[in-house]
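Below: start05.cif (mmCIF, N, CA and C atoms)
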data_entry
#
loop_
_atom_site.label_atom_id
_atom_site.label_comp_id
_atom_site.auth_asym_id
_atom_site.auth_seq_id
_atom_site.Cartn_x
_atom_site.Cartn_y
_atom_site.Cartn_z
N MET D 122 9.61 10.42 -2.12
CA MET D 122 9.12 9.07 -2.24
C MET D 122 10.29 8.12 -2.50
N THR D 123 11.07 7.91 -1.51
CA THR D 123 12.17 6.97 -1.65
C THR D 123 11.94 5.80 -0.72
N SER D 124 12.16 4.63 -1.25
CA SER D 124 12.08 3.44 -0.43
C SER D 124 13.09 2.43 -0.96
N THR D 125 13.60 1.61 -0.08
CA THR D 125 14.56 0.61 -0.51
C THR D 125 13.85 -0.73 -0.64
N LEU D 126 14.30 -1.49 -1.61
CA LEU D 126 13.71 -2.80 -1.86
C LEU D 126 14.72 -3.88 -1.52
N ASP D 127 14.26 -4.94 -0.91
CA ASP D 127 15.13 -6.08 -0.69
C ASP D 127 14.98 -7.03 -1.89
N MET D 128 15.74 -8.08 -1.90
CA MET D 128 15.75 -9.00 -3.05
C MET D 128 14.39 -9.65 -3.26
N GLN D 129 13.68 -9.98 -2.19
CA GLN D 129 12.38 -10.63 -2.33
C GLN D 129 11.39 -9.71 -3.03
N HIS D 130 11.38 -8.43 -2.65
CA HIS D 130 10.48 -7.49 -3.30
C HIS D 130 10.87 -7.25 -4.75
N MET D 131 12.15 -7.30 -5.04
CA MET D 131 12.59 -7.16 -6.44
C MET D 131 12.08 -8.35 -7.27
N ARG D 132 12.07 -9.53 -6.67
CA ARG D 132 11.53 -10.69 -7.38
C ARG D 132 10.03 -10.54 -7.61
N TYR D 133 9.32 -10.01 -6.60
CA TYR D 133 7.89 -9.77 -6.76
C TYR D 133 7.63 -8.78 -7.90
N ILE D 134 8.43 -7.73 -7.96
CA ILE D 134 8.26 -6.72 -9.01
C ILE D 134 8.53 -7.32 -10.38
N ASN D 135 9.56 -8.13 -10.50
CA ASN D 135 9.86 -8.77 -11.78
C ASN D 135 8.73 -9.69 -12.22
N LEU D 136 8.18 -10.44 -11.30
CA LEU D 136 7.05 -11.31 -11.61
C LEU D 136 5.82 -10.49 -12.00
N PHE D 137 5.58 -9.40 -11.28
CA PHE D 137 4.46 -8.50 -11.60
C PHE D 137 4.61 -7.92 -13.01
N GLU D 138 5.82 -7.48 -13.36
CA GLU D 138 6.07 -6.91 -14.68
C GLU D 138 5.91 -7.96 -15.77
N LYS D 139 6.26 -9.20 -15.48
CA LYS D 139 6.12 -10.28 -16.45
C LYS D 139 4.65 -10.52 -16.80
N PHE D 140 3.76 -10.48 -15.80
CA PHE D 140 2.35 -10.75 -16.05
C PHE D 140 1.58 -9.53 -16.55
N SER D 141 1.91 -8.34 -16.08
CA SER D 141 1.10 -7.17 -16.41
C SER D 141 1.70 -6.28 -17.49
N ASN D 142 2.97 -6.47 -17.82
CA ASN D 142 3.68 -5.62 -18.77
C ASN D 142 3.71 -4.16 -18.33
N ILE D 143 3.71 -3.94 -17.02
CA ILE D 143 3.78 -2.59 -16.46
C ILE D 143 4.97 -2.53 -15.52
N SER D 144 5.80 -1.52 -15.72
CA SER D 144 6.98 -1.34 -14.89
C SER D 144 6.63 -0.51 -13.66
N THR D 145 7.07 -0.96 -12.51
CA THR D 145 6.87 -0.22 -11.27
C THR D 145 8.08 -0.39 -10.37
N ARG D 146 8.26 0.55 -9.46
CA ARG D 146 9.33 0.46 -8.47
C ARG D 146 8.77 0.35 -7.07
N HIS D 147 7.45 0.29 -6.96
CA HIS D 147 6.80 0.37 -5.66
C HIS D 147 6.15 -0.96 -5.29
N CYS D 148 6.71 -1.60 -4.28
CA CYS D 148 6.19 -2.87 -3.79
C CYS D 148 6.46 -2.92 -2.29
N PHE D 149 5.43 -3.27 -1.52
CA PHE D 149 5.62 -3.38 -0.08
C PHE D 149 4.59 -4.34 0.49
N ASP D 150 4.83 -4.76 1.73
CA ASP D 150 3.94 -5.68 2.43
C ASP D 150 3.10 -4.88 3.41
N TYR D 151 1.83 -5.22 3.49
CA TYR D 151 0.95 -4.69 4.53
C TYR D 151 -0.13 -5.73 4.80
N ASN D 152 -0.26 -6.14 6.05
CA ASN D 152 -1.30 -7.06 6.48
C ASN D 152 -1.26 -8.38 5.68
N ASP D 153 -0.10 -8.96 5.56
CA ASP D 153 0.11 -10.22 4.85
C ASP D 153 -0.29 -10.18 3.39
N ALA D 154 -0.34 -9.01 2.80
CA ALA D 154 -0.64 -8.86 1.37
C ALA D 154 0.54 -8.14 0.71
N ILE D 155 0.76 -8.45 -0.54
CA ILE D 155 1.79 -7.76 -1.31
C ILE D 155 1.07 -6.67 -2.09
N THR D 156 1.52 -5.44 -1.91
CA THR D 156 0.88 -4.30 -2.56
C THR D 156 1.83 -3.70 -3.58
N PHE D 157 1.31 -3.51 -4.79
CA PHE D 157 2.04 -2.86 -5.86
C PHE D 157 1.40 -1.51 -6.12
N ALA D 158 2.20 -0.47 -6.21
CA ALA D 158 1.68 0.86 -6.52
C ALA D 158 2.12 1.21 -7.94
N VAL D 159 1.15 1.49 -8.79
CA VAL D 159 1.41 1.82 -10.19
C VAL D 159 0.79 3.17 -10.49
N PRO D 160 1.19 3.84 -11.58
CA PRO D 160 0.55 5.11 -11.95
C PRO D 160 -0.96 4.93 -12.10
N LYS D 161 -1.69 5.97 -11.74
CA LYS D 161 -3.14 5.92 -11.67
C LYS D 161 -3.78 5.46 -12.99
N HIS D 162 -3.26 5.93 -14.11
CA HIS D 162 -3.87 5.59 -15.39
C HIS D 162 -3.57 4.15 -15.83
N LEU D 163 -2.70 3.45 -15.11
CA LEU D 163 -2.35 2.07 -15.47
C LEU D 163 -2.90 1.02 -14.50
N VAL D 164 -3.68 1.44 -13.53
CA VAL D 164 -4.18 0.50 -12.51
C VAL D 164 -5.05 -0.58 -13.15
N SER D 165 -5.98 -0.19 -14.01
CA SER D 165 -6.88 -1.18 -14.61
C SER D 165 -6.11 -2.15 -15.51
N LYS D 166 -5.09 -1.65 -16.21
CA LYS D 166 -4.28 -2.54 -17.05
C LYS D 166 -3.47 -3.51 -16.18
N ALA D 167 -3.00 -3.03 -15.04
CA ALA D 167 -2.23 -3.88 -14.14
C ALA D 167 -3.08 -4.99 -13.54
N ILE D 168 -4.34 -4.67 -13.24
CA ILE D 168 -5.25 -5.68 -12.69
C ILE D 168 -5.59 -6.72 -13.74
N GLY D 169 -5.74 -6.28 -14.98
CA GLY D 169 -6.04 -7.19 -16.08
C GLY D 169 -7.54 -7.38 -16.25
N LYS D 170 -7.90 -7.91 -17.40
CA LYS D 170 -9.31 -8.14 -17.70
C LYS D 170 -9.85 -9.20 -16.74
N ASN D 171 -10.93 -8.84 -16.05
CA ASN D 171 -11.55 -9.71 -15.03
C ASN D 171 -10.58 -10.10 -13.92
N GLY D 172 -9.57 -9.26 -13.67
CA GLY D 172 -8.62 -9.51 -12.59
C GLY D 172 -7.67 -10.66 -12.85
N VAL D 173 -7.42 -10.98 -14.11
CA VAL D 173 -6.62 -12.16 -14.44
C VAL D 173 -5.18 -12.06 -13.92
N ASN D 174 -4.57 -10.87 -13.99
CA ASN D 174 -3.19 -10.72 -13.53
C ASN D 174 -3.09 -10.90 -12.02
N VAL D 175 -4.03 -10.34 -11.30
CA VAL D 175 -4.03 -10.47 -9.84
C VAL D 175 -4.26 -11.92 -9.44
N LYS D 176 -5.17 -12.59 -10.13
CA LYS D 176 -5.45 -14.00 -9.80
C LYS D 176 -4.23 -14.88 -10.05
N LYS D 177 -3.52 -14.65 -11.16
CA LYS D 177 -2.32 -15.44 -11.46
C LYS D 177 -1.24 -15.22 -10.41
N LEU D 178 -1.01 -13.96 -10.08
CA LEU D 178 0.01 -13.66 -9.06
C LEU D 178 -0.37 -14.24 -7.70
N ASN D 179 -1.64 -14.14 -7.37
CA ASN D 179 -2.13 -14.70 -6.12
C ASN D 179 -1.90 -16.20 -6.07
N GLU D 180 -2.16 -16.85 -7.17
CA GLU D 180 -1.98 -18.31 -7.26
C GLU D 180 -0.51 -18.70 -7.16
N ILE D 181 0.36 -17.97 -7.84
CA ILE D 181 1.78 -18.30 -7.85
C ILE D 181 2.43 -18.01 -6.49
N LEU D 182 2.13 -16.84 -5.94
CA LEU D 182 2.80 -16.43 -4.70
C LEU D 182 2.11 -16.96 -3.44
N GLY D 183 0.84 -17.31 -3.55
CA GLY D 183 0.11 -17.81 -2.40
C GLY D 183 -0.18 -16.73 -1.37
N ARG D 184 -0.21 -15.49 -1.81
CA ARG D 184 -0.51 -14.36 -0.93
C ARG D 184 -1.48 -13.43 -1.63
N LYS D 185 -2.21 -12.65 -0.85
CA LYS D 185 -3.14 -11.69 -1.41
C LYS D 185 -2.35 -10.58 -2.12
N ILE D 186 -2.86 -10.15 -3.26
CA ILE D 186 -2.21 -9.12 -4.07
C ILE D 186 -3.14 -7.91 -4.14
N LYS D 187 -2.58 -6.71 -3.92
CA LYS D 187 -3.34 -5.48 -4.07
C LYS D 187 -2.59 -4.58 -5.05
N ILE D 188 -3.34 -3.90 -5.90
CA ILE D 188 -2.75 -2.94 -6.82
C ILE D 188 -3.44 -1.61 -6.57
N ILE D 189 -2.65 -0.59 -6.24
CA ILE D 189 -3.19 0.72 -5.90
C ILE D 189 -2.46 1.79 -6.71
N PRO D 190 -3.06 2.98 -6.84
CA PRO D 190 -2.36 4.07 -7.54
C PRO D 190 -1.25 4.67 -6.68
N VAL D 191 -0.14 4.97 -7.30
CA VAL D 191 0.99 5.57 -6.60
C VAL D 191 0.66 7.04 -6.34
N PRO D 192 1.05 7.59 -5.18
CA PRO D 192 0.74 8.99 -4.90
C PRO D 192 1.59 9.93 -5.74
N GLU D 193 0.95 10.95 -6.30
CA GLU D 193 1.67 11.93 -7.11
C GLU D 193 2.40 12.93 -6.21
N ASP D 194 1.73 13.37 -5.14
CA ASP D 194 2.33 14.31 -4.21
C ASP D 194 1.70 14.15 -2.83
N ILE D 195 1.99 15.06 -1.93
CA ILE D 195 1.51 14.95 -0.55
C ILE D 195 -0.01 15.08 -0.46
N ASN D 196 -0.65 15.65 -1.46
CA ASN D 196 -2.10 15.81 -1.44
C ASN D 196 -2.83 14.48 -1.62
N ASP D 197 -2.15 13.46 -2.10
CA ASP D 197 -2.76 12.15 -2.32
C ASP D 197 -2.61 11.22 -1.12
N VAL D 198 -2.19 11.76 0.02
CA VAL D 198 -1.94 10.92 1.19
C VAL D 198 -3.19 10.16 1.64
N LYS D 199 -4.33 10.83 1.72
CA LYS D 199 -5.55 10.19 2.21
C LYS D 199 -5.99 9.07 1.26
N GLU D 200 -5.94 9.32 -0.02
CA GLU D 200 -6.33 8.30 -1.01
C GLU D 200 -5.37 7.11 -0.97
N PHE D 201 -4.08 7.38 -0.87
CA PHE D 201 -3.07 6.33 -0.86
C PHE D 201 -3.18 5.45 0.38
N LEU D 202 -3.22 6.06 1.56
CA LEU D 202 -3.31 5.28 2.79
C LEU D 202 -4.67 4.59 2.90
N GLY D 203 -5.72 5.22 2.39
CA GLY D 203 -7.04 4.59 2.37
C GLY D 203 -7.06 3.34 1.51
N ALA D 204 -6.35 3.38 0.38
CA ALA D 204 -6.28 2.22 -0.50
C ALA D 204 -5.48 1.10 0.15
N ILE D 205 -4.45 1.44 0.89
CA ILE D 205 -3.63 0.43 1.55
C ILE D 205 -4.41 -0.30 2.63
N VAL D 206 -5.12 0.44 3.48
CA VAL D 206 -5.79 -0.18 4.62
C VAL D 206 -7.18 -0.69 4.28
N SER D 207 -7.63 -0.50 3.06
CA SER D 207 -8.96 -0.96 2.65
C SER D 207 -9.10 -2.45 2.95
N PRO D 208 -10.18 -2.91 3.48
CA PRO D 208 -11.53 -2.37 3.65
C PRO D 208 -11.76 -1.60 4.95
N VAL D 209 -10.73 -1.40 5.77
CA VAL D 209 -10.88 -0.61 6.99
C VAL D 209 -10.95 0.86 6.59
N HIS D 210 -11.84 1.60 7.22
CA HIS D 210 -12.00 3.02 6.92
C HIS D 210 -11.60 3.85 8.12
N PHE D 211 -11.10 5.05 7.86
CA PHE D 211 -10.82 5.98 8.94
C PHE D 211 -11.63 7.25 8.72
N LYS D 212 -11.90 7.97 9.81
CA LYS D 212 -12.77 9.15 9.75
C LYS D 212 -12.10 10.31 9.02
N ASP D 213 -10.88 10.62 9.42
CA ASP D 213 -10.23 11.81 8.88
C ASP D 213 -8.71 11.61 8.90
N LEU D 214 -8.04 12.37 8.06
CA LEU D 214 -6.59 12.33 8.00
C LEU D 214 -6.09 13.76 7.95
N GLN D 215 -5.15 14.09 8.81
CA GLN D 215 -4.57 15.43 8.83
C GLN D 215 -3.07 15.32 8.64
N THR D 216 -2.51 16.27 7.93
CA THR D 216 -1.06 16.32 7.76
C THR D 216 -0.56 17.67 8.24
N ASN D 217 0.55 17.66 8.95
CA ASN D 217 1.24 18.89 9.27
C ASN D 217 2.68 18.72 8.85
N ASP D 218 3.56 19.55 9.33
CA ASP D 218 4.93 19.61 8.83
C ASP D 218 5.65 18.27 8.79
N ASN D 219 5.60 17.53 9.90
CA ASN D 219 6.37 16.29 9.94
C ASN D 219 5.56 15.10 10.43
N GLU D 220 4.21 15.19 10.32
CA GLU D 220 3.40 14.14 10.91
C GLU D 220 2.09 13.96 10.13
N ILE D 221 1.66 12.71 10.05
CA ILE D 221 0.35 12.36 9.49
C ILE D 221 -0.46 11.78 10.64
N ILE D 222 -1.64 12.34 10.87
CA ILE D 222 -2.49 11.89 11.97
C ILE D 222 -3.77 11.31 11.39
N ILE D 223 -4.04 10.05 11.72
CA ILE D 223 -5.26 9.39 11.27
C ILE D 223 -6.24 9.34 12.43
N ASN D 224 -7.43 9.89 12.22
CA ASN D 224 -8.50 9.82 13.22
C ASN D 224 -9.41 8.66 12.85
N ALA D 225 -9.59 7.74 13.77
CA ALA D 225 -10.41 6.56 13.49
C ALA D 225 -11.29 6.26 14.70
N GLY D 226 -12.39 5.56 14.47
CA GLY D 226 -13.24 5.10 15.57
C GLY D 226 -12.55 3.97 16.31
N ALA D 227 -13.15 3.51 17.39
CA ALA D 227 -12.53 2.49 18.23
C ALA D 227 -12.29 1.19 17.46
N GLU D 228 -13.28 0.74 16.69
CA GLU D 228 -13.15 -0.51 15.95
C GLU D 228 -12.12 -0.38 14.83
N SER D 229 -12.17 0.73 14.11
CA SER D 229 -11.22 0.95 13.03
C SER D 229 -9.82 1.15 13.57
N LYS D 230 -9.72 1.80 14.71
CA LYS D 230 -8.41 2.02 15.32
C LYS D 230 -7.76 0.70 15.67
N ALA D 231 -8.53 -0.22 16.23
CA ALA D 231 -7.99 -1.54 16.57
C ALA D 231 -7.55 -2.28 15.32
N ALA D 232 -8.31 -2.17 14.25
CA ALA D 232 -7.96 -2.85 13.00
C ALA D 232 -6.72 -2.22 12.37
N LEU D 233 -6.57 -0.91 12.49
CA LEU D 233 -5.40 -0.24 11.92
C LEU D 233 -4.12 -0.53 12.72
N ILE D 234 -4.25 -0.70 14.01
CA ILE D 234 -3.07 -0.97 14.85
C ILE D 234 -2.67 -2.43 14.76
N GLY D 235 -3.64 -3.34 14.85
CA GLY D 235 -3.34 -4.77 14.71
C GLY D 235 -2.76 -5.38 15.97
N ARG D 236 -2.69 -6.69 15.95
CA ARG D 236 -2.14 -7.42 17.10
C ARG D 236 -0.65 -7.12 17.21
N ASN D 237 -0.22 -6.82 18.43
CA ASN D 237 1.17 -6.47 18.73
C ASN D 237 1.67 -5.29 17.90
N ARG D 238 0.75 -4.39 17.52
CA ARG D 238 1.06 -3.17 16.77
C ARG D 238 1.70 -3.45 15.41
N ARG D 239 1.52 -4.65 14.88
CA ARG D 239 2.17 -5.04 13.63
C ARG D 239 1.76 -4.18 12.46
N ARG D 240 0.44 -3.98 12.28
CA ARG D 240 -0.03 -3.18 11.16
C ARG D 240 0.38 -1.72 11.29
N LEU D 241 0.36 -1.22 12.52
CA LEU D 241 0.78 0.16 12.75
C LEU D 241 2.24 0.36 12.34
N ILE D 242 3.09 -0.56 12.71
CA ILE D 242 4.51 -0.46 12.37
C ILE D 242 4.70 -0.53 10.86
N GLU D 243 3.97 -1.43 10.18
CA GLU D 243 4.07 -1.52 8.72
C GLU D 243 3.60 -0.22 8.07
N LEU D 244 2.49 0.34 8.55
CA LEU D 244 1.95 1.58 8.00
C LEU D 244 2.89 2.76 8.27
N GLN D 245 3.53 2.77 9.43
CA GLN D 245 4.50 3.83 9.73
C GLN D 245 5.69 3.78 8.79
N LYS D 246 6.16 2.58 8.47
CA LYS D 246 7.28 2.44 7.53
C LYS D 246 6.89 2.94 6.14
N ILE D 247 5.66 2.62 5.72
CA ILE D 247 5.18 3.06 4.41
C ILE D 247 5.08 4.58 4.37
N ALA D 248 4.49 5.19 5.40
CA ALA D 248 4.34 6.65 5.45
C ALA D 248 5.70 7.33 5.46
N LYS D 249 6.64 6.77 6.17
CA LYS D 249 7.99 7.36 6.23
C LYS D 249 8.69 7.25 4.87
N ALA D 250 8.52 6.11 4.21
CA ALA D 250 9.19 5.90 2.92
C ALA D 250 8.60 6.77 1.82
N TYR D 251 7.28 6.92 1.78
CA TYR D 251 6.65 7.62 0.68
C TYR D 251 6.50 9.12 0.91
N PHE D 252 6.30 9.55 2.15
CA PHE D 252 6.03 10.95 2.42
C PHE D 252 7.04 11.59 3.35
N GLY D 253 7.93 10.80 3.94
CA GLY D 253 8.94 11.34 4.84
C GLY D 253 8.36 11.90 6.13
N LYS D 254 7.22 11.36 6.56
CA LYS D 254 6.55 11.86 7.75
C LYS D 254 6.25 10.72 8.70
N GLU D 255 6.17 11.05 9.97
CA GLU D 255 5.77 10.08 11.00
C GLU D 255 4.25 9.90 10.93
N LEU D 256 3.77 8.75 11.38
CA LEU D 256 2.33 8.46 11.35
C LEU D 256 1.84 8.15 12.76
N ARG D 257 0.68 8.73 13.10
CA ARG D 257 0.03 8.46 14.38
C ARG D 257 -1.42 8.13 14.12
N ILE D 258 -1.97 7.25 14.95
CA ILE D 258 -3.39 6.91 14.87
C ILE D 258 -4.04 7.31 16.18
N VAL D 259 -5.09 8.13 16.08
CA VAL D 259 -5.83 8.57 17.27
C VAL D 259 -7.26 8.16 17.20
#

Structure encoded using structure tokens:
Amino acid sequence: MTSTLDMQHMRYINLFEKFSNISTRHCFDYNDAITFAVPKHLVSKAIGKNGVNVKKLNEILGRKIKIIPVPEDINDVKEFLGAIVSPVHFKDLQTNDNEIIINAGAESKAALIGRNRRRLIELQKIAKAYFGKELRIV
């Protein structure tokens, strides 16, 4: 689970830590939203009572904010990718040695790929950074 952060994402993380008092190293963009991955037991604290932390960050940054649990190991791939692409659902997810394959219906497949393959490329970068595997959507 290695990923590099640019200066903008480091600023987002600092702002997130200021509001939630939770330290994280995981921040990335997907579908015009900023996603923070925190340990599973700290997700509710990161969101805040009645979503106050998310609302403040949303107001300051002017972008949608998502907080999801960070994957512990390769077994959490389906939960992690499902949280990222939510509310879009996929039928099944399979992993083999060097590849993650997402099986989706026609409508979900279009939503996962996005216009000009933008969402697919973002999701492939995330899968490569967190799991070291290539991602395919079928």

Shell around D:Ile189 at 8 Å using all atoms listed in the file, local window under 2 positions removed, as a short mmCIF file (atom, residue, chain, number, x, y, z; two decimals) with N, CA and C atoms, in the frame of the given file:
data_model
loop_
_atom_site.label_atom_id
_atom_site.label_comp_id
_atom_site.auth_asym_id
_atom_site.auth_seq_id
_atom_site.Cartn_x
_atom_site.Cartn_y
_atom_site.Cartn_z
N THR D 156 1.52 -5.44 -1.91
CA THR D 156 0.88 -4.30 -2.56
C THR D 156 1.83 -3.70 -3.58
N PHE D 157 1.31 -3.51 -4.79
CA PHE D 157 2.04 -2.86 -5.86
C PHE D 157 1.40 -1.51 -6.12
N ALA D 158 2.20 -0.47 -6.21
CA ALA D 158 1.68 0.86 -6.52
C ALA D 158 2.12 1.21 -7.94
N VAL D 159 1.15 1.49 -8.79
CA VAL D 159 1.41 1.82 -10.19
C VAL D 159 0.79 3.17 -10.49
N PRO D 160 1.19 3.84 -11.58
CA PRO D 160 0.55 5.11 -11.95
C PRO D 160 -0.96 4.93 -12.10
N LYS D 161 -1.69 5.97 -11.74
CA LYS D 161 -3.14 5.92 -11.67
C LYS D 161 -3.78 5.46 -12.99
N LEU D 163 -2.70 3.45 -15.11
CA LEU D 163 -2.35 2.07 -15.47
C LEU D 163 -2.90 1.02 -14.50
N VAL D 164 -3.68 1.44 -13.53
CA VAL D 164 -4.18 0.50 -12.51
C VAL D 164 -5.05 -0.58 -13.15
N ILE D 186 -2.86 -10.15 -3.26
CA ILE D 186 -2.21 -9.12 -4.07
C ILE D 186 -3.14 -7.91 -4.14
N LYS D 187 -2.58 -6.71 -3.92
CA LYS D 187 -3.34 -5.48 -4.07
C LYS D 187 -2.59 -4.58 -5.05
N VAL D 191 -0.14 4.97 -7.30
CA VAL D 191 0.99 5.57 -6.60
C VAL D 191 0.66 7.04 -6.34
N PRO D 192 1.05 7.59 -5.18
CA PRO D 192 0.74 8.99 -4.90
C PRO D 192 1.59 9.93 -5.74
N PHE D 201 -4.08 7.38 -0.87
CA PHE D 201 -3.07 6.33 -0.86
C PHE D 201 -3.18 5.45 0.38
N ALA D 204 -6.35 3.38 0.38
CA ALA D 204 -6.28 2.22 -0.50
C ALA D 204 -5.48 1.10 0.15
N ILE D 205 -4.45 1.44 0.89
CA ILE D 205 -3.63 0.43 1.55
C ILE D 205 -4.41 -0.30 2.63
#

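Picture a line from atom CA of D:Asn142 to atom CA of D:Asn196; it runs 28.2 Å.
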
TODO: Please identify which residues in chain D DSSP calls helix (DSSP H, G or I) from the backbone, and express them as number ranges by chain.
DONE: D: 128-141, 161-168, 170-182, 195-206, 227-234, 236-252

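Minimum atom-to-atom distance to D:Asn219, evaluated using only C-alpha atoms, belongs to D:Leu256 out of D:Ile247, D:Ala231, D:Val198, D:Leu256.
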
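The space separating atom CA of D:Arg240 from atom CA of D:Asn152 comes to 6.2 Å.
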
Task: Picked from stretch 181-239 of chain D by DSSP as strand (DSSP E), as a count of residues only - done: 16

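With all atoms listed in the file as the atoms that count, the minimum distance from D:Asn217 to the choices D:Lys254, D:Thr125, D:Met131, D:Ala167 is reached by D:Lys254.
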
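Residues within 12 Å of D:Ile181, counting only C-alpha atoms and excluding same-chain residues fewer than 5 positions away, are Tyr133, Leu136, Phe137, Phe140, Asn174, Val175, Lys176 and Ile186 of chain D.
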
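Taking only C-alpha atoms into account, the polymer residues that have an atom no farther than 7 Å from (8.3, -1.4, -5.4) are Leu126, His130, Ile134, Thr145, Arg146, His147, Cys148, Phe149 and Phe157 of chain D.
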
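Comparing D:Leu202, D:Ala154, D:Leu178, D:Leu214 by their smallest distance to D:Asn135, the closest is D:Leu178 (using only C-alpha atoms).
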
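Put simply, the PyMOL selection byres (((chain D and resi 226 and name CA) around 12) and name CA) in this file takes in Val209, His210, Phe211, Lys212, Asp213, Ile223, Asn224, Ala225, Ala227, Glu228, Ser229, Lys230, Ala231, Ala232, Leu233, Ile234, Ile258 and Val259 of chain D.
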
Those same residues - N, CA and C atoms - I'd like them written as a JSON list (two decimals), in the coordinates of the input.
[["chain", "number", "residue", "atom", "x", "y", "z"],
["D", 209, "VAL", "N", -10.73, -1.40, 5.77],
["D", 209, "VAL", "CA", -10.88, -0.61, 6.99],
["D", 209, "VAL", "C", -10.95, 0.86, 6.59],
["D", 210, "HIS", "N", -11.84, 1.60, 7.22],
["D", 210, "HIS", "CA", -12.00, 3.02, 6.92],
["D", 210, "HIS", "C", -11.60, 3.85, 8.12],
["D", 211, "PHE", "N", -11.10, 5.05, 7.86],
["D", 211, "PHE", "CA", -10.82, 5.98, 8.94],
["D", 211, "PHE", "C", -11.63, 7.25, 8.72],
["D", 212, "LYS", "N", -11.90, 7.97, 9.81],
["D", 212, "LYS", "CA", -12.77, 9.15, 9.75],
["D", 212, "LYS", "C", -12.10, 10.31, 9.02],
["D", 213, "ASP", "N", -10.88, 10.62, 9.42],
["D", 213, "ASP", "CA", -10.23, 11.81, 8.88],
["D", 213, "ASP", "C", -8.71, 11.61, 8.90],
["D", 223, "ILE", "N", -4.04, 10.05, 11.72],
["D", 223, "ILE", "CA", -5.26, 9.39, 11.27],
["D", 223, "ILE", "C", -6.24, 9.34, 12.43],
["D", 224, "ASN", "N", -7.43, 9.89, 12.22],
["D", 224, "ASN", "CA", -8.50, 9.82, 13.22],
["D", 224, "ASN", "C", -9.41, 8.66, 12.85],
["D", 225, "ALA", "N", -9.59, 7.74, 13.77],
["D", 225, "ALA", "CA", -10.41, 6.56, 13.49],
["D", 225, "ALA", "C", -11.29, 6.26, 14.70],
["D", 227, "ALA", "N", -13.15, 3.51, 17.39],
["D", 227, "ALA", "CA", -12.53, 2.49, 18.23],
["D", 227, "ALA", "C", -12.29, 1.19, 17.46],
["D", 228, "GLU", "N", -13.28, 0.74, 16.69],
["D", 228, "GLU", "CA", -13.15, -0.51, 15.95],
["D", 228, "GLU", "C", -12.12, -0.38, 14.83],
["D", 229, "SER", "N", -12.17, 0.73, 14.11],
["D", 229, "SER", "CA", -11.22, 0.95, 13.03],
["D", 229, "SER", "C", -9.82, 1.15, 13.57],
["D", 230, "LYS", "N", -9.72, 1.80, 14.71],
["D", 230, "LYS", "CA", -8.41, 2.02, 15.32],
["D", 230, "LYS", "C", -7.76, 0.70, 15.67],
["D", 231, "ALA", "N", -8.53, -0.22, 16.23],
["D", 231, "ALA", "CA", -7.99, -1.54, 16.57],
["D", 231, "ALA", "C", -7.55, -2.28, 15.32],
["D", 232, "ALA", "N", -8.31, -2.17, 14.25],
["D", 232, "ALA", "CA", -7.96, -2.85, 13.00],
["D", 232, "ALA", "C", -6.72, -2.22, 12.37],
["D", 233, "LEU", "N", -6.57, -0.91, 12.49],
["D", 233, "LEU", "CA", -5.40, -0.24, 11.92],
["D", 233, "LEU", "C", -4.12, -0.53, 12.72],
["D", 234, "ILE", "N", -4.25, -0.70, 14.01],
["D", 234, "ILE", "CA", -3.07, -0.97, 14.85],
["D", 234, "ILE", "C", -2.67, -2.43, 14.76],
["D", 258, "ILE", "N", -1.97, 7.25, 14.95],
["D", 258, "ILE", "CA", -3.39, 6.91, 14.87],
["D", 258, "ILE", "C", -4.04, 7.31, 16.18],
["D", 259, "VAL", "N", -5.09, 8.13, 16.08],
["D", 259, "VAL", "CA", -5.83, 8.57, 17.27],
["D", 259, "VAL", "C", -7.26, 8.16, 17.20]]

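One distance worth recording is that between atom CA of D:Asp153 and atom CA of D:Asn179, which is 12.1 Å.
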
Write out as a PDB file with N, CA and C atoms, keeping the file's coordinate frame which residues come within 10 Å of D:Ile195 when counting only C-alpha atoms, dropping same-chain ones fewer than 6 positions away.
ATOM      1  N   MET D 122       9.610  10.420  -2.120  1.00  0.00           N
ATOM      2  CA  MET D 122       9.120   9.070  -2.240  1.00  0.00           C
ATOM      3  C   MET D 122      10.290   8.120  -2.500  1.00  0.00           C
ATOM      4  N   PHE D 201      -4.080   7.380  -0.870  1.00  0.00           N
ATOM      5  CA  PHE D 201      -3.070   6.330  -0.860  1.00  0.00           C
ATOM      6  C   PHE D 201      -3.180   5.450   0.380  1.00  0.00           C
ATOM      7  N   THR D 216      -2.510  16.270   7.930  1.00  0.00           N
ATOM      8  CA  THR D 216      -1.060  16.320   7.760  1.00  0.00           C
ATOM      9  C   THR D 216      -0.560  17.670   8.240  1.00  0.00           C
ATOM     10  N   TYR D 251       7.280   6.920   1.780  1.00  0.00           N
ATOM     11  CA  TYR D 251       6.650   7.620   0.680  1.00  0.00           C
ATOM     12  C   TYR D 251       6.500   9.120   0.910  1.00  0.00           C
ATOM     13  N   PHE D 252       6.300   9.550   2.150  1.00  0.00           N
ATOM     14  CA  PHE D 252       6.030  10.950   2.420  1.00  0.00           C
ATOM     15  C   PHE D 252       7.040  11.590   3.350  1.00  0.00           C
ATOM     16  N   GLY D 253       7.930  10.800   3.940  1.00  0.00           N
ATOM     17  CA  GLY D 253       8.940  11.340   4.840  1.00  0.00           C
ATOM     18  C   GLY D 253       8.360  11.900   6.130  1.00  0.00           C
TER      19      GLY D 253
END
